[in-house]
>>> print(open('run-v4.pdb').read())   # PDB, C-alpha atoms
MODEL        1
ATOM      1  CA  MET I   1     -17.046  69.770  41.299
ATOM      2  CA  LEU I   2     -13.702  71.561  41.062
ATOM      3  CA  LYS I   3     -13.839  74.542  43.415
ATOM      4  CA  ASP I   4     -10.277  75.663  42.869
ATOM      5  CA  PRO I   5     -10.176  78.065  39.851
ATOM      6  CA  ALA I   6      -6.661  76.901  39.016
ATOM      7  CA  LEU I   7      -7.815  73.270  38.786
ATOM      8  CA  ARG I   8     -10.798  74.229  36.620
ATOM      9  CA  SER I   9      -8.481  76.176  34.329
ATOM     10  CA  ALA I  10      -6.059  73.261  34.066
ATOM     11  CA  LYS I  11      -8.878  70.844  33.249
ATOM     12  CA  SER I  12     -10.174  73.170  30.524
ATOM     13  CA  PHE I  13      -6.687  73.517  29.034
ATOM     14  CA  VAL I  14      -6.210  69.742  28.871
ATOM     15  CA  SER I  15      -9.616  69.254  27.209
ATOM     16  CA  ARG I  16      -8.923  71.972  24.630
ATOM     17  CA  GLY I  17      -5.484  70.527  23.935
ATOM     18  CA  ALA I  18      -6.937  67.086  23.247
ATOM     19  CA  ALA I  19      -9.386  68.544  20.733
ATOM     20  CA  VAL I  20      -6.641  70.439  18.934
ATOM     21  CA  ALA I  21      -4.432  67.330  18.819
ATOM     22  CA  ALA I  22      -7.259  65.338  17.233
ATOM     23  CA  ALA I  23      -7.758  67.930  14.520
ATOM     24  CA  LEU I  24      -4.055  68.126  13.783
ATOM     25  CA  LEU I  25      -3.988  64.442  12.870
ATOM     26  CA  VAL I  26      -5.325  65.339   9.433
ATOM     27  CA  VAL I  27      -2.817  68.172   9.193
ATOM     28  CA  ALA I  28      -0.024  65.680   9.757
ATOM     29  CA  SER I  29      -1.223  63.641   6.786
ATOM     30  CA  LEU I  30      -1.660  66.621   4.489
ATOM     31  CA  ILE I  31       1.802  68.052   5.118
ATOM     32  CA  ALA I  32       3.746  64.823   5.562
ATOM     33  CA  LEU I  33       6.098  65.748   2.716
ATOM     34  CA  ALA I  34       6.254  69.495   3.217
ATOM     35  CA  ALA I  35       8.775  71.687   4.973
ATOM     36  CA  PRO I  36       7.259  74.799   6.547
ATOM     37  CA  LEU I  37       8.004  78.164   4.978
ATOM     38  CA  SER I  38       7.017  79.891   8.205
ATOM     39  CA  ALA I  39       6.158  78.247  11.484
ATOM     40  CA  GLN I  40       4.433  79.253  14.679
ATOM     41  CA  THR I  41       4.871  76.186  16.858
ATOM     42  CA  VAL I  42       1.812  74.012  16.241
ATOM     43  CA  PRO I  43       2.646  70.433  17.293
ATOM     44  CA  ILE I  44       1.583  67.625  14.969
ATOM     45  CA  PRO I  45       1.119  64.404  16.944
ATOM     46  CA  LYS I  46       2.106  61.007  15.566
ATOM     47  CA  PRO I  47       0.181  58.517  17.739
ATOM     48  CA  SER I  48       0.539  54.798  17.213
ATOM     49  CA  PRO I  49      -2.534  53.153  15.704
ATOM     50  CA  LYS I  50      -4.730  51.425  18.259
ATOM     51  CA  ASP I  51      -7.403  48.760  18.062
ATOM     52  CA  ARG I  52     -10.382  50.399  16.385
ATOM     53  CA  GLY I  53     -12.813  47.820  17.707
ATOM     54  CA  SER I  54     -15.916  47.800  15.567
ATOM     55  CA  ILE I  55     -14.543  50.090  12.844
ATOM     56  CA  GLN I  56     -14.482  48.180   9.577
ATOM     57  CA  LEU I  57     -11.111  47.048   8.284
ATOM     58  CA  SER I  58     -10.874  45.886   4.696
ATOM     59  CA  GLU I  59      -8.161  45.140   2.183
ATOM     60  CA  ALA I  60     -10.617  46.194  -0.552
ATOM     61  CA  PRO I  61     -12.867  48.622   1.365
ATOM     62  CA  ARG I  62     -16.618  48.198   1.005
ATOM     63  CA  GLY I  63     -19.447  50.182   2.484
ATOM     64  CA  PRO I  64     -22.713  51.923   1.759
ATOM     65  CA  VAL I  65     -22.855  54.467  -1.047
ATOM     66  CA  THR I  66     -23.336  57.869   0.583
ATOM     67  CA  THR I  67     -25.090  60.771  -1.113
ATOM     68  CA  ALA I  68     -26.425  64.007   0.316
ATOM     69  CA  ALA I  69     -30.017  63.107  -0.639
ATOM     70  CA  ALA I  70     -30.063  59.513   0.589
ATOM     71  CA  GLN I  71     -27.785  59.853   3.627
ATOM     72  CA  PRO I  72     -27.685  63.360   5.123
ATOM     73  CA  THR I  73     -26.127  62.152   8.377
ATOM     74  CA  PRO I  74     -22.344  61.693   8.685
ATOM     75  CA  PRO I  75     -21.099  58.501   7.003
ATOM     76  CA  GLU I  76     -18.955  55.928   8.733
ATOM     77  CA  PRO I  77     -15.515  56.225   7.082
ATOM     78  CA  ILE I  78     -14.176  52.999   5.597
ATOM     79  CA  ILE I  79     -10.830  52.464   7.286
ATOM     80  CA  PRO I  80      -8.183  50.593   5.238
ATOM     81  CA  ASP I  81      -6.569  47.628   6.922
ATOM     82  CA  PRO I  82      -3.437  49.038   8.623
ATOM     83  CA  ARG I  83      -1.713  45.692   8.026
ATOM     84  CA  ARG I  84      -2.023  46.014   4.274
ATOM     85  CA  ASN I  85       1.086  46.219   2.133
ATOM     86  CA  VAL I  86       1.238  47.739  -1.344
ATOM     87  CA  PRO I  87       4.505  46.570  -2.912
ATOM     88  CA  THR I  88       4.972  48.738  -5.978
ATOM     89  CA  SER I  89       6.962  46.098  -7.821
ATOM     90  CA  ILE I  90       3.823  44.112  -8.696
ATOM     91  CA  PHE I  91       1.921  47.163  -9.975
ATOM     92  CA  GLN I  92       3.986  47.905 -13.065
ATOM     93  CA  THR I  93       1.164  47.384 -15.560
ATOM     94  CA  PHE I  94      -2.603  47.793 -15.484
ATOM     95  CA  ASP I  95      -5.246  46.020 -17.514
ATOM     96  CA  ALA I  96      -7.805  47.794 -19.667
ATOM     97  CA  ASN I  97     -10.446  47.779 -16.931
ATOM     98  CA  GLN I  98      -8.099  49.347 -14.364
ATOM     99  CA  LYS I  99      -7.071  52.030 -16.845
ATOM    100  CA  ALA I 100     -10.721  52.747 -17.598
ATOM    101  CA  GLN I 101     -11.545  53.077 -13.894
ATOM    102  CA  ALA I 102      -8.594  55.412 -13.320
ATOM    103  CA  ALA I 103      -9.701  57.470 -16.339
ATOM    104  CA  ARG I 104     -13.197  57.738 -14.849
ATOM    105  CA  VAL I 105     -11.795  59.093 -11.583
ATOM    106  CA  SER I 106      -9.541  61.495 -13.505
ATOM    107  CA  ALA I 107     -12.481  62.780 -15.551
ATOM    108  CA  TYR I 108     -14.545  63.315 -12.407
ATOM    109  CA  LEU I 109     -11.784  65.225 -10.605
ATOM    110  CA  SER I 110     -11.121  67.323 -13.710
ATOM    111  CA  SER I 111     -14.817  68.168 -14.067
ATOM    112  CA  LEU I 112     -15.030  69.695 -10.607
ATOM    113  CA  GLN I 113     -14.628  73.438 -10.361
ATOM    114  CA  SER I 114     -16.049  73.940  -6.884
ATOM    115  CA  LEU I 115     -17.189  71.629  -4.119
ATOM    116  CA  VAL I 116     -18.768  72.324  -0.731
ATOM    117  CA  GLY I 117     -19.667  69.764   1.904
ATOM    118  CA  ASN I 118     -19.078  68.225   5.303
ATOM    119  CA  PHE I 119     -16.367  65.830   6.403
ATOM    120  CA  VAL I 120     -15.649  63.219   9.042
ATOM    121  CA  GLN I 121     -11.987  62.609   9.839
ATOM    122  CA  VAL I 122     -10.567  59.508  11.511
ATOM    123  CA  GLY I 123      -6.984  59.794  12.727
ATOM    124  CA  PRO I 124      -4.391  57.041  13.219
ATOM    125  CA  ASP I 125      -5.603  56.446  16.788
ATOM    126  CA  GLY I 126      -9.283  56.215  15.779
ATOM    127  CA  THR I 127     -10.172  59.717  16.977
ATOM    128  CA  LYS I 128     -13.049  61.296  15.019
ATOM    129  CA  THR I 129     -13.566  64.972  14.245
ATOM    130  CA  LYS I 130     -16.061  66.704  11.946
ATOM    131  CA  GLY I 131     -16.401  69.939  10.054
ATOM    132  CA  ASP I 132     -17.078  71.738   6.790
ATOM    133  CA  PHE I 133     -14.924  72.104   3.696
ATOM    134  CA  TYR I 134     -14.842  74.356   0.626
ATOM    135  CA  ILE I 135     -12.933  73.718  -2.610
ATOM    136  CA  GLN I 136     -12.434  76.174  -5.456
ATOM    137  CA  LYS I 137     -10.180  74.992  -8.239
ATOM    138  CA  PRO I 138      -7.446  75.428  -9.023
ATOM    139  CA  GLY I 139      -5.608  75.217  -5.728
ATOM    140  CA  LYS I 140      -7.997  76.639  -3.141
ATOM    141  CA  VAL I 141      -9.477  74.821  -0.154
ATOM    142  CA  ARG I 142     -10.667  75.509   3.364
ATOM    143  CA  PHE I 143     -11.316  73.007   6.172
ATOM    144  CA  GLU I 144     -13.155  74.276   9.239
ATOM    145  CA  TYR I 145     -13.460  71.988  12.265
ATOM    146  CA  ASP I 146     -16.556  71.981  14.440
ATOM    147  CA  PRO I 147     -16.186  73.607  17.897
ATOM    148  CA  PRO I 148     -14.483  73.342  20.252
ATOM    149  CA  THR I 149     -11.612  72.564  17.885
ATOM    150  CA  PRO I 150     -10.157  75.910  16.686
ATOM    151  CA  ILE I 151      -8.191  74.582  13.698
ATOM    152  CA  GLU I 152      -8.578  75.839  10.119
ATOM    153  CA  ILE I 153      -6.673  74.639   7.049
ATOM    154  CA  ILE I 154      -6.574  77.121   4.161
ATOM    155  CA  ALA I 155      -4.944  76.916   0.723
ATOM    156  CA  ASP I 156      -4.901  80.037  -1.451
ATOM    157  CA  GLY I 157      -3.594  78.479  -4.658
ATOM    158  CA  SER I 158       0.106  78.434  -3.793
ATOM    159  CA  SER I 159       0.441  78.109  -0.015
ATOM    160  CA  LEU I 160      -1.298  76.077   2.662
ATOM    161  CA  ALA I 161      -1.859  77.561   6.123
ATOM    162  CA  VAL I 162      -2.608  75.607   9.297
ATOM    163  CA  ARG I 163      -4.251  78.084  11.653
ATOM    164  CA  ASP I 164      -5.203  77.933  15.327
ATOM    165  CA  ARG I 165      -7.796  80.631  15.988
ATOM    166  CA  ASN I 166      -7.470  80.449  19.770
ATOM    167  CA  LEU I 167      -3.702  80.833  19.808
ATOM    168  CA  ALA I 168      -3.622  83.167  16.775
ATOM    169  CA  THR I 169      -0.850  81.092  15.186
ATOM    170  CA  GLN I 170      -0.373  79.530  11.782
ATOM    171  CA  ASP I 171       2.165  77.450   9.877
ATOM    172  CA  ILE I 172       2.692  78.025   6.151
ATOM    173  CA  TYR I 173       3.569  75.199   3.737
ATOM    174  CA  PRO I 174       3.973  75.082  -0.064
ATOM    175  CA  LEU I 175       0.803  73.575  -1.522
ATOM    176  CA  SER I 176       2.879  71.839  -4.195
ATOM    177  CA  GLN I 177       4.368  69.563  -1.518
ATOM    178  CA  THR I 178       1.073  68.314  -0.066
ATOM    179  CA  PRO I 179      -1.217  65.512  -1.310
ATOM    180  CA  LEU I 180      -4.032  68.065  -1.572
ATOM    181  CA  ARG I 181      -2.648  69.265  -4.889
ATOM    182  CA  PHE I 182      -4.066  66.174  -6.616
ATOM    183  CA  LEU I 183      -7.591  67.084  -5.501
ATOM    184  CA  LEU I 184      -7.119  70.763  -6.312
ATOM    185  CA  SER I 185      -5.542  70.524  -9.780
ATOM    186  CA  ASP I 186      -7.610  72.151 -12.518
ATOM    187  CA  ARG I 187      -7.246  69.066 -14.699
ATOM    188  CA  ILE I 188      -5.481  65.804 -13.939
ATOM    189  CA  ASP I 189      -4.769  62.480 -15.626
ATOM    190  CA  LEU I 190      -3.900  60.175 -12.737
ATOM    191  CA  MET I 191      -2.114  57.625 -14.905
ATOM    192  CA  LYS I 192       0.080  60.249 -16.585
ATOM    193  CA  ASP I 193       0.493  62.883 -13.878
ATOM    194  CA  THR I 194       0.969  60.711 -10.778
ATOM    195  CA  ASN I 195       2.597  57.456  -9.726
ATOM    196  CA  VAL I 196      -0.447  55.174  -9.521
ATOM    197  CA  VAL I 197       0.397  51.922  -7.721
ATOM    198  CA  ASN I 198      -3.040  50.343  -7.429
ATOM    199  CA  VAL I 199      -6.489  50.572  -8.990
ATOM    200  CA  SER I 200      -9.375  48.476  -7.692
ATOM    201  CA  ALA I 201     -13.129  48.525  -8.165
ATOM    202  CA  ASP I 202     -16.186  46.702  -6.881
ATOM    203  CA  ASP I 203     -19.918  47.411  -6.796
ATOM    204  CA  VAL I 204     -19.459  50.189  -4.228
ATOM    205  CA  PHE I 205     -16.128  51.970  -4.708
ATOM    206  CA  ILE I 206     -13.451  52.743  -7.258
ATOM    207  CA  SER I 207     -10.149  53.167  -5.415
ATOM    208  CA  VAL I 208      -6.961  54.657  -6.837
ATOM    209  CA  THR I 209      -3.766  54.666  -4.789
ATOM    210  CA  ILE I 210      -0.990  57.147  -5.568
ATOM    211  CA  GLU I 211       2.500  56.766  -4.140
ATOM    212  CA  GLU I 212       5.199  59.363  -3.674
ATOM    213  CA  LYS I 213       8.791  58.713  -2.679
ATOM    214  CA  GLN I 214      11.263  61.239  -1.334
ATOM    215  CA  ALA I 215      14.781  60.342  -0.306
ATOM    216  CA  LEU I 216      14.770  62.360   2.913
ATOM    217  CA  VAL I 217      11.301  61.651   4.318
ATOM    218  CA  GLY I 218      10.325  58.284   2.816
ATOM    219  CA  THR I 219       7.206  57.029   1.047
ATOM    220  CA  SER I 220       3.662  58.348   1.413
ATOM    221  CA  ARG I 221       0.429  57.267  -0.251
ATOM    222  CA  LEU I 222      -2.915  58.821  -1.112
ATOM    223  CA  MET I 223      -5.902  56.547  -1.731
ATOM    224  CA  LEU I 224      -8.849  58.246  -3.440
ATOM    225  CA  MET I 225     -12.247  56.548  -3.322
ATOM    226  CA  VAL I 226     -15.256  57.494  -5.456
ATOM    227  CA  GLY I 227     -18.670  55.857  -5.655
ATOM    228  CA  ALA I 228     -18.919  53.146  -8.292
ATOM    229  CA  LYS I 229     -22.547  54.074  -9.023
ATOM    230  CA  ASP I 230     -22.690  57.861  -8.730
ATOM    231  CA  GLY I 231     -19.011  58.597  -9.473
ATOM    232  CA  GLN I 232     -18.778  61.116  -6.613
ATOM    233  CA  LEU I 233     -15.884  61.560  -4.214
ATOM    234  CA  LYS I 234     -16.486  59.582  -1.018
ATOM    235  CA  GLN I 235     -13.255  59.711   0.915
ATOM    236  CA  TRP I 236      -9.482  59.714   0.837
ATOM    237  CA  THR I 237      -6.826  58.161   3.029
ATOM    238  CA  VAL I 238      -3.327  59.555   3.416
ATOM    239  CA  THR I 239      -0.600  57.228   4.674
ATOM    240  CA  ASP I 240       2.371  59.200   5.954
ATOM    241  CA  PRO I 241       5.999  58.011   5.720
ATOM    242  CA  GLN I 242       5.718  56.460   9.209
ATOM    243  CA  GLY I 243       2.812  54.308   8.018
ATOM    244  CA  TYR I 244       0.025  56.132   9.884
ATOM    245  CA  ASP I 245      -3.337  56.515   8.127
ATOM    246  CA  THR I 246      -5.665  59.498   8.261
ATOM    247  CA  THR I 247      -9.026  59.010   6.534
ATOM    248  CA  VAL I 248     -11.404  61.809   5.544
ATOM    249  CA  ALA I 249     -14.934  60.921   4.390
ATOM    250  CA  VAL I 250     -17.025  63.638   2.707
ATOM    251  CA  TYR I 251     -20.793  63.997   2.359
ATOM    252  CA  ASN I 252     -23.604  66.503   1.633
ATOM    253  CA  LEU I 253     -21.651  67.505  -1.467
ATOM    254  CA  ASP I 254     -22.728  70.555  -3.494
ATOM    255  CA  THR I 255     -21.034  71.542  -6.758
ATOM    256  CA  THR I 256     -23.318  74.519  -7.489
ATOM    257  CA  LYS I 257     -22.983  76.660  -4.370
ATOM    258  CA  LYS I 258     -21.256  80.018  -4.863
ATOM    259  CA  ILE I 259     -18.245  80.318  -2.549
ATOM    260  CA  ASP I 260     -16.990  83.549  -1.011
ATOM    261  CA  PRO I 261     -13.426  84.095  -2.356
ATOM    262  CA  GLY I 262     -12.494  85.531   1.043
ATOM    263  CA  LEU I 263     -12.654  82.051   2.558
ATOM    264  CA  PHE I 264      -9.375  81.202   0.826
ATOM    265  CA  LYS I 265      -7.444  84.272   1.927
ATOM    266  CA  ILE I 266      -4.438  83.586   4.140
ATOM    267  CA  ASP I 267      -4.004  86.401   6.649
ATOM    268  CA  PHE I 268      -0.297  87.229   6.803
ATOM    269  CA  THR I 269      -0.805  90.275   9.035
ATOM    270  CA  ARG I 270      -2.882  89.064  11.960
ATOM    271  CA  TYR I 271      -0.601  86.189  12.905
ATOM    272  CA  PRO I 272       2.847  87.234  14.227
ATOM    273  CA  GLY I 273       5.836  85.734  12.506
ATOM    274  CA  SER I 274       4.081  84.873   9.252
ATOM    275  CA  PRO I 275       5.703  86.072   6.002
ATOM    276  CA  GLY I 276       4.626  89.450   4.624
TER     277      GLY I 276
ENDMDL
END
>>> encode(input="run-v4.pdb", output="structure tokens")
Amino acid sequence: MLKDPALRSAKSFVSRGAAVAAALLVVASLIALAAPLSAQTVPIPKPSPKDRGSIQLSEAPRGPVTTAAAQPTPPEPIIPDPRRNVPTSIFQTFDANQKAQAARVSAYLSSLQSLVGNFVQVGPDGTKTKGDFYIQKPGKVRFEYDPPTPIEIIADGSSLAVRDRNLATQDIYPLSQTPLRFLLSDRIDLMKDTNVVNVSADDVFISVTIEEKQALVGTSRLMLMVGAKDGQLKQWTVTDPQGYDTTVAVYNLDTTKKIDPGLFKIDFTRYPGSPG
């Protein structure tokens, strides 16, 4: 037992810092292409991927179909093989089946108006965090991490805020420069509105990979995965320009729940240094 109050305080600070760093792994993936409009220093770690041991690695990810009714417990995210390579030069054309699968995913995303559920996030170093999320289209989302992690991610339709409740700080980014905009668009045709570089399907998942290139920051990718049988969103993986993957699996999905509009309000008054 630590009798010295200073040592106990230091130990608590280190533990809290580790939890915040884990949560910010997903933030790093979401804002990989964005430049902050207003920043209160919230570090975004870039750890090197480590051996994930028993976590499944797959070039064409497979896993159990997860639905709220059949599997209420958190799913095990399907982690893409970090050694994979998606050279865009060989994905210049798609056959009729691939186009049909991409159209199915587009129709599903376009049909969503609201979505509430839980998520499990796996960062580049294998760290897992959990929480709740709320989506209201177009353009609004909120991610709340389970305690003790104090991070919230909020999009109000035009801006995205990364908030630390304990430190009372937040960073503001343009939503248009984050991969979230593809999930939050009112209607979307993936083949026409994005740069699709791969479409694959099996008995479990339909996967669509979108690539974005920017001269200054490099190439990032977003891989969306929906269930082949139920057509529901299962997870997404963001690969940042440094090649690090962050995977978010979702479950207990509800498209009928009424969402409080206040959940998507970005507070520009409580947090010093924010615009407005």
>>> closest_residue(input="run-v4.pdb", among="I:Leu224, I:Leu216, I:Ile266, I:Val250", to="Phe119 of chain I", atoms="all atoms listed in the file")
I:Val250
>>> resolve_selection(input="run-v4.pdb", expression="the PyMOL selection byres ((chain I and resi 229-235) around 10)", output="number ranges by chain")
I: 65-67, 75, 77-79, 104-105, 107-109, 119-121, 202-207, 223-228, 236-237, 247-251, 253
>>> atom_distance(input="run-v4.pdb", atom1="atom CA of Gly117 of chain I", atom2="atom CA of Asn252 of chain I")
5.1 Å
>>> atom_distance(input="run-v4.pdb", atom1="atom CA of Leu112 of chain I", atom2="atom CA of Pro150 of chain I")
28.4 Å
>>> atom_distance(input="run-v4.pdb", atom1="atom CA of Leu115 of chain I", atom2="atom CA of Pro179 of chain I")
17.3 Å
>>> resolve_selection(input="run-v4.pdb", expression="the PyMOL selection byres ((chain I and resi 192) around 12)", output="MDAnalysis selection string")
chainID I and resid 99 102:103 106 187:191 193:196 210
>>> resolve_selection(input="run-v4.pdb", expression="the PyMOL selection byres ((chain I and resi 156) around 10)", output="list in words")
Gln136, Lys137, Pro138, Gly139, Lys140, Val141, Arg142, Ile154, Ala155, Gly157, Ser158, Ser159, Leu160, Ala161, Leu175, Pro261, Gly262, Leu263, Phe264, Lys265 and Ile266 of chain I
>>> build_atoms(input="run-v4.pdb", residues="segment 170-180 of chain I", atoms="all heavy atoms", output="PDB file, in the frame of the given file")
ATOM      1  N   GLN I 170      -0.201  80.300  13.004  1.00  0.00           N
ATOM      2  CA  GLN I 170      -0.373  79.530  11.782  1.00  0.00           C
ATOM      3  C   GLN I 170       0.987  79.105  11.249  1.00  0.00           C
ATOM      4  O   GLN I 170       1.994  79.788  11.432  1.00  0.00           O
ATOM      5  CB  GLN I 170      -1.145  80.313  10.725  1.00  0.00           C
ATOM      6  CG  GLN I 170      -0.435  81.512  10.128  1.00  0.00           C
ATOM      7  CD  GLN I 170      -1.290  82.232   9.085  1.00  0.00           C
ATOM      8  OE1 GLN I 170      -2.395  81.803   8.756  1.00  0.00           O
ATOM      9  NE2 GLN I 170      -0.775  83.326   8.568  1.00  0.00           N
ATOM     10  N   ASP I 171       0.985  77.945  10.587  1.00  0.00           N
ATOM     11  CA  ASP I 171       2.165  77.450   9.877  1.00  0.00           C
ATOM     12  C   ASP I 171       1.862  77.536   8.391  1.00  0.00           C
ATOM     13  O   ASP I 171       0.745  77.261   7.957  1.00  0.00           O
ATOM     14  CB  ASP I 171       2.479  75.996  10.241  1.00  0.00           C
ATOM     15  CG  ASP I 171       3.035  75.853  11.648  1.00  0.00           C
ATOM     16  OD1 ASP I 171       3.262  76.884  12.297  1.00  0.00           O
ATOM     17  OD2 ASP I 171       3.226  74.696  12.085  1.00  0.00           O
ATOM     18  N   ILE I 172       2.863  77.889   7.598  1.00  0.00           N
ATOM     19  CA  ILE I 172       2.692  78.025   6.151  1.00  0.00           C
ATOM     20  C   ILE I 172       3.529  76.964   5.439  1.00  0.00           C
ATOM     21  O   ILE I 172       4.713  76.789   5.747  1.00  0.00           O
ATOM     22  CB  ILE I 172       3.118  79.425   5.664  1.00  0.00           C
ATOM     23  CG1 ILE I 172       2.372  80.512   6.444  1.00  0.00           C
ATOM     24  CG2 ILE I 172       2.880  79.560   4.164  1.00  0.00           C
ATOM     25  CD1 ILE I 172       0.884  80.503   6.243  1.00  0.00           C
ATOM     26  N   TYR I 173       2.907  76.253   4.499  1.00  0.00           N
ATOM     27  CA  TYR I 173       3.569  75.199   3.737  1.00  0.00           C
ATOM     28  C   TYR I 173       3.314  75.429   2.242  1.00  0.00           C
ATOM     29  O   TYR I 173       2.270  75.954   1.860  1.00  0.00           O
ATOM     30  CB  TYR I 173       3.034  73.816   4.118  1.00  0.00           C
ATOM     31  CG  TYR I 173       3.234  73.454   5.564  1.00  0.00           C
ATOM     32  CD1 TYR I 173       2.322  73.874   6.531  1.00  0.00           C
ATOM     33  CD2 TYR I 173       4.331  72.711   5.974  1.00  0.00           C
ATOM     34  CE1 TYR I 173       2.503  73.559   7.867  1.00  0.00           C
ATOM     35  CE2 TYR I 173       4.510  72.383   7.300  1.00  0.00           C
ATOM     36  CZ  TYR I 173       3.601  72.812   8.243  1.00  0.00           C
ATOM     37  OH  TYR I 173       3.783  72.509   9.573  1.00  0.00           O
ATOM     38  N   PRO I 174       4.242  75.003   1.386  1.00  0.00           N
ATOM     39  CA  PRO I 174       3.973  75.082  -0.064  1.00  0.00           C
ATOM     40  C   PRO I 174       2.927  74.047  -0.458  1.00  0.00           C
ATOM     41  O   PRO I 174       3.065  72.866  -0.149  1.00  0.00           O
ATOM     42  CB  PRO I 174       5.339  74.763  -0.694  1.00  0.00           C
ATOM     43  CG  PRO I 174       6.102  74.035   0.362  1.00  0.00           C
ATOM     44  CD  PRO I 174       5.605  74.524   1.686  1.00  0.00           C
ATOM     45  N   LEU I 175       1.878  74.477  -1.119  1.00  0.00           N
ATOM     46  CA  LEU I 175       0.803  73.575  -1.522  1.00  0.00           C
ATOM     47  C   LEU I 175       1.321  72.480  -2.445  1.00  0.00           C
ATOM     48  O   LEU I 175       0.829  71.346  -2.416  1.00  0.00           O
ATOM     49  CB  LEU I 175      -0.299  74.373  -2.222  1.00  0.00           C
ATOM     50  CG  LEU I 175      -1.499  73.578  -2.742  1.00  0.00           C
ATOM     51  CD1 LEU I 175      -2.237  72.900  -1.583  1.00  0.00           C
ATOM     52  CD2 LEU I 175      -2.450  74.489  -3.509  1.00  0.00           C
ATOM     53  N   SER I 176       2.343  72.801  -3.230  1.00  0.00           N
ATOM     54  CA  SER I 176       2.879  71.839  -4.195  1.00  0.00           C
ATOM     55  C   SER I 176       3.490  70.619  -3.524  1.00  0.00           C
ATOM     56  O   SER I 176       3.728  69.610  -4.187  1.00  0.00           O
ATOM     57  CB  SER I 176       3.935  72.511  -5.077  1.00  0.00           C
ATOM     58  OG  SER I 176       5.022  72.969  -4.298  1.00  0.00           O
ATOM     59  N   GLN I 177       3.756  70.688  -2.223  1.00  0.00           N
ATOM     60  CA  GLN I 177       4.368  69.563  -1.518  1.00  0.00           C
ATOM     61  C   GLN I 177       3.368  68.818  -0.646  1.00  0.00           C
ATOM     62  O   GLN I 177       3.762  68.036   0.221  1.00  0.00           O
ATOM     63  CB  GLN I 177       5.543  70.062  -0.672  1.00  0.00           C
ATOM     64  CG  GLN I 177       6.700  70.599  -1.494  1.00  0.00           C
ATOM     65  CD  GLN I 177       7.895  71.001  -0.642  1.00  0.00           C
ATOM     66  OE1 GLN I 177       8.103  70.468   0.439  1.00  0.00           O
ATOM     67  NE2 GLN I 177       8.681  71.938  -1.135  1.00  0.00           N
ATOM     68  N   THR I 178       2.084  69.023  -0.844  1.00  0.00           N
ATOM     69  CA  THR I 178       1.073  68.314  -0.066  1.00  0.00           C
ATOM     70  C   THR I 178       0.207  67.465  -0.988  1.00  0.00           C
ATOM     71  O   THR I 178       0.015  67.803  -2.155  1.00  0.00           O
ATOM     72  CB  THR I 178       0.170  69.298   0.693  1.00  0.00           C
ATOM     73  OG1 THR I 178      -0.731  69.909  -0.225  1.00  0.00           O
ATOM     74  CG2 THR I 178       0.984  70.353   1.415  1.00  0.00           C
ATOM     75  N   PRO I 179      -0.338  66.354  -0.485  1.00  0.00           N
ATOM     76  CA  PRO I 179      -1.217  65.512  -1.310  1.00  0.00           C
ATOM     77  C   PRO I 179      -2.472  66.223  -1.789  1.00  0.00           C
ATOM     78  O   PRO I 179      -3.109  65.771  -2.740  1.00  0.00           O
ATOM     79  CB  PRO I 179      -1.569  64.354  -0.357  1.00  0.00           C
ATOM     80  CG  PRO I 179      -0.470  64.324   0.650  1.00  0.00           C
ATOM     81  CD  PRO I 179      -0.061  65.754   0.836  1.00  0.00           C
ATOM     82  N   LEU I 180      -2.843  67.326  -1.154  1.00  0.00           N
ATOM     83  CA  LEU I 180      -4.032  68.065  -1.572  1.00  0.00           C
ATOM     84  C   LEU I 180      -3.961  68.539  -3.018  1.00  0.00           C
ATOM     85  O   LEU I 180      -4.987  68.768  -3.653  1.00  0.00           O
ATOM     86  CB  LEU I 180      -4.245  69.277  -0.662  1.00  0.00           C
ATOM     87  CG  LEU I 180      -5.014  69.055   0.633  1.00  0.00           C
ATOM     88  CD1 LEU I 180      -5.085  70.349   1.424  1.00  0.00           C
ATOM     89  CD2 LEU I 180      -6.406  68.523   0.353  1.00  0.00           C
TER      90      LEU I 180
END
